[in-house]
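First comes the structure, then the notes that go with it.
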Amino acid sequence: MKFFRILVVLKSSYSRLKEKRLNAPESFLAIALNDLKAAFFIASSVVIINHFHFNFDIELDAIKLATSVFQNLRQDHSEASNTANVITIDNRLYESYFNQSSPLERNKLTQILDLILKEEANRPNVLAIDIDLSPSPQPDVSENIFYDYFKQFKHTPIVLITPQKVVSELATHTKANWLIKMCELPNIRFGFPYLPSVDNGVVHYWDAHNSFAYQVQAATHPSRQRTICDHIQQDPSTARRMVNSFYDTDPGIFGTDPEHNQGKLLNYKFIENIGFTAIKYEKENPHIPEDYAVKIRDSVVFFGGNYGLSDIYETPIGNLPGIYLHAGTYFTIHGNKVNELVHIAQYIIEILITPLLGSIFYFAASYYRKTHSLAAIVLNLVVHPLIFISYMLLSGFILYYFNFWLSVSFIIGMELYAIISGLEEPHVAIDKNRKLLDIPESYIKNAFYLSIIGWSWFILAQEVISPHTA
């Protein structure tokens, strides 16, 4: 009898719960997972936004916020690891010593290089020069000056950048021949100097074996990857193609396909771990500071320009010259890579997380409509920026302390979901989504919906099928 009484009580309790559930608004989980199609639509939209770099500004601001906040909180007073050293030609030296000449006068440039290379006791392990040393289109007596100059340092690996693009037949012929001749020297390597910039801003680097920084890495740790000189020596016409067109016309030589690969995230801790100085110019005598000259012994040295505006980029840690970013790339690939989710993993997480985050807005709006209280008004005003800033700070914390970057694409997806769903009662928003996205409701809207998903899947398929490196 006691057992049957328990069954009766449980049955009546279940009936009351069921009745209450039918009369109550939909649960958090029901709202979050009801419309899976909307989640696919949002995730697909974010894939397309990422592919065309429309999220670049927000990524830049997110890393900038993370850098400014957590760089100060780290309070790391240990000495820099001195992964590499950067020596630059600044505005003062460019104006006073080189008389603002462009290209830089070659004889004077070799005198500056003497400050780094001549003294054997302080000679670097590798010298990377981010200055186009190729001859001018009109051949002159100094055309082979760097071939003769670098030949005397045959035991020091020297990495040069490929010549800038030219269009005239004479310039192409002159620079291509120079490339072929320079590749005869066993200590010379070439690297592509291009940076993956968007609106002159940089947060990524090319993960490509023939990029400038990778060739500096290869000079210290030789690899089996074919270098630019290997390609040129096998087929001299390669030199002409390099001078006549950009790297993206031959991704096999460059080492990646830029069209399908936006690069990988730079580790901006490089600013704390690399030494920086400029050539001093006093009493018409250029020199490297004495305390710095000792540092470059057996180190990797990047030498380039820090003058003018053509090679200055916006970054999360301020405006920096390209030579700084090449050194930062070297620091990143030299055992300091930032871990990132692959795009496919981001897509799956986006599908799972955006409806859950969007549900917060539903309930905030529902709370306001029920109470119209001051607390509800404040909640609806602050919930968007609060979650947005909190997520960016969380991403920054994880980046600085665990070296893992959570892309702000999740926040973009959350905002898109909130916009599409509308800040209405949960059941109204879900019903609107259903009307918007179901095929019987509108063939035109669904053609757009399915095309967005199909387009994103095509982009993701390229990531899997198309090789990023040759």
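Naming scheme: A, B, ... for chains in displayed order of the structure tokens; residues 1 onward per chain; ligands 1 onward as shown.
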Query - Nearby residues (only C-alpha atoms) at most 12 Å from A:Glu282, same-chain spacing under 6 positions excluded, as a PyMOL selection string - result: chain A and resi 92-93+96-97+288-289
File dump, residues just selected, C-alpha atoms, as a tab-separated table (two decimals), in the first residue's frame:
chain	number	residue	atom	x	y	z
A	92	ARG	CA	68.28	61.38	-38.45
A	93	LEU	CA	70.79	59.07	-40.17
A	96	SER	CA	72.08	63.62	-42.39
A	97	TYR	CA	74.24	60.77	-43.64
A	288	ILE	CA	76.61	51.44	-33.05
A	289	PRO	CA	76.35	52.13	-29.29
Report task. List every residue of stretch 24-264 of chain A that DSSP, applied to the backbone, labels as strand (DSSP E), and write the result as a list in words. Result -> Ala84, Asn85, Val86, Ile87, Thr88, Ile89, Asp90, Val126, Leu127, Ala128, Ile129, Asp130, Ile158, Val159, Leu160, Ile161, Ile188, Arg189, Phe190, Gly191, His204, Tyr205 and Lys264 of chain A
Report task. Write down as an NGL selection string the residues of stretch 26-195 of chain A whose backbone DSSP state falls under alpha helix (DSSP H). Result -> :A and (28-33 or 36-51 or 56-74 or 91-96 or 106-117 or 145-151 or 169-182)
**Report entry** Contacts of stretch 306-321 of chain A within 9 Å, only C-alpha atoms, excl. fewer than 2 positions in-chain, as a PyMOL selection string
**Finding:** chain A and resi 60-68+88-94+197+199-203+268+271+278+304+323-325
For the residues in the current selection, export N, CA and C atoms as a short mmCIF file (atom, residue, chain, number, x, y, z; two decimals), in the first residue's frame.
data_model
loop_
_atom_site.label_atom_id
_atom_site.label_comp_id
_atom_site.auth_asym_id
_atom_site.auth_seq_id
_atom_site.Cartn_x
_atom_site.Cartn_y
_atom_site.Cartn_z
N LEU A 60 42.05 43.65 -34.29
CA LEU A 60 43.14 44.57 -33.93
C LEU A 60 42.84 45.25 -32.60
N ASP A 61 41.60 45.74 -32.44
CA ASP A 61 41.23 46.41 -31.19
C ASP A 61 41.23 45.44 -30.01
N ALA A 62 40.80 44.20 -30.25
CA ALA A 62 40.76 43.22 -29.17
C ALA A 62 42.17 42.90 -28.67
N ILE A 63 43.10 42.68 -29.59
CA ILE A 63 44.48 42.38 -29.18
C ILE A 63 45.12 43.63 -28.57
N LYS A 64 44.76 44.80 -29.07
CA LYS A 64 45.28 46.04 -28.51
C LYS A 64 44.84 46.20 -27.05
N LEU A 65 43.56 45.91 -26.78
CA LEU A 65 43.05 45.97 -25.41
C LEU A 65 43.76 44.95 -24.52
N ALA A 66 43.89 43.73 -25.04
CA ALA A 66 44.56 42.67 -24.28
C ALA A 66 46.00 43.06 -23.97
N THR A 67 46.67 43.62 -24.97
CA THR A 67 48.07 44.00 -24.80
C THR A 67 48.22 45.10 -23.75
N SER A 68 47.38 46.14 -23.86
CA SER A 68 47.51 47.28 -22.95
C SER A 68 47.19 46.90 -21.51
N THR A 88 68.54 49.73 -36.82
CA THR A 88 67.83 50.46 -37.87
C THR A 88 68.56 51.72 -38.31
N ILE A 89 68.19 52.14 -39.51
CA ILE A 89 68.55 53.47 -40.00
C ILE A 89 67.36 54.37 -39.68
N ASP A 90 67.52 55.32 -38.78
CA ASP A 90 66.39 56.16 -38.39
C ASP A 90 66.37 57.43 -39.24
N ASN A 91 65.41 58.31 -38.96
CA ASN A 91 65.24 59.52 -39.76
C ASN A 91 66.48 60.41 -39.73
N ARG A 92 67.11 60.49 -38.56
CA ARG A 92 68.28 61.38 -38.45
C ARG A 92 69.41 60.91 -39.36
N LEU A 93 69.72 59.61 -39.33
CA LEU A 93 70.79 59.07 -40.17
C LEU A 93 70.42 59.18 -41.65
N TYR A 94 69.15 58.93 -41.95
CA TYR A 94 68.69 58.99 -43.35
C TYR A 94 68.83 60.40 -43.91
N SER A 197 49.10 42.69 -44.56
CA SER A 197 48.49 43.88 -43.98
C SER A 197 47.10 44.11 -44.54
N ASP A 199 44.48 47.40 -44.67
CA ASP A 199 44.41 48.84 -44.39
C ASP A 199 45.66 49.31 -43.64
N ASN A 200 46.80 48.80 -44.05
CA ASN A 200 48.10 49.13 -43.47
C ASN A 200 48.20 48.76 -41.98
N GLY A 201 47.44 47.74 -41.59
CA GLY A 201 47.52 47.20 -40.24
C GLY A 201 47.96 45.75 -40.28
N VAL A 202 48.71 45.34 -39.29
CA VAL A 202 49.26 43.97 -39.27
C VAL A 202 48.99 43.33 -37.91
N VAL A 203 48.39 42.15 -37.91
CA VAL A 203 48.29 41.33 -36.70
C VAL A 203 48.75 39.90 -36.98
N TYR A 268 52.95 39.21 -29.87
CA TYR A 268 53.42 40.56 -29.63
C TYR A 268 54.23 40.72 -28.36
N ILE A 271 58.19 42.37 -28.42
CA ILE A 271 58.70 43.69 -28.06
C ILE A 271 59.47 43.65 -26.76
N ALA A 278 69.26 52.07 -32.91
CA ALA A 278 69.44 52.73 -34.21
C ALA A 278 70.92 53.11 -34.34
N GLY A 304 67.49 47.23 -40.99
CA GLY A 304 66.56 47.81 -41.95
C GLY A 304 66.29 49.26 -41.65
N ILE A 323 60.64 46.25 -40.38
CA ILE A 323 61.76 45.47 -39.85
C ILE A 323 61.45 44.94 -38.45
N TYR A 324 60.70 45.71 -37.64
CA TYR A 324 60.28 45.24 -36.31
C TYR A 324 59.36 44.03 -36.44
N LEU A 325 58.47 44.08 -37.42
CA LEU A 325 57.50 43.00 -37.57
C LEU A 325 58.16 41.74 -38.13
#
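With distances taken over only C-alpha atoms, A:Ile58 is the one residue among A:Leu133, A:Ser45, A:Ile353, A:Ile58 lying closest to A:Phe388.
Nearest residue to A:Ser134, choosing from A:Phe52, A:Trp206, A:Phe192, A:Tyr147 and counting only C-alpha atoms: A:Tyr147.
The space between atom CA of A:Ile228 and atom CA of A:Phe254 spans 8.3 Å.
Distances from A:Tyr281, A:Phe276, A:Phe150, A:Phe41 to A:Phe98 were compared using only C-alpha atoms, and the smallest one belongs to A:Tyr281.
For the residues A:Ala43, A:Leu170, A:Ile279, A:Ile296, ranking by smallest atom-to-atom distance to A:Ala121 using only C-alpha atoms places A:Ile296 first.
The shortest atom-to-atom distance to A:Val383, with only C-alpha atoms taken into account, belongs to A:Glu415 out of A:Ile116, A:Glu415, A:Tyr330, A:Asp291.
As for atom CA of A:Leu379 and atom CA of A:Ile49, they are spaced 29.1 Å apart.
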Report summary line: Counting only C-alpha atoms, closest pick from A:Val243, A:Glu120, A:Asn99, A:Leu374 relative to A:Ala171 is A:Val243
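Reported to one decimal place, the separation of atom CA of A:Asp57 from atom CA of A:Phe404 is 19.6 Å.
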Report task. For A:Pro236, please output as a VMD selection string all residues within 12 Å (counting only C-alpha atoms; exclusion window: fewer than 2 positions along the same chain). Result -> chain A and resid 173 176 to 181 183 to 184 228 to 234 238 to 243
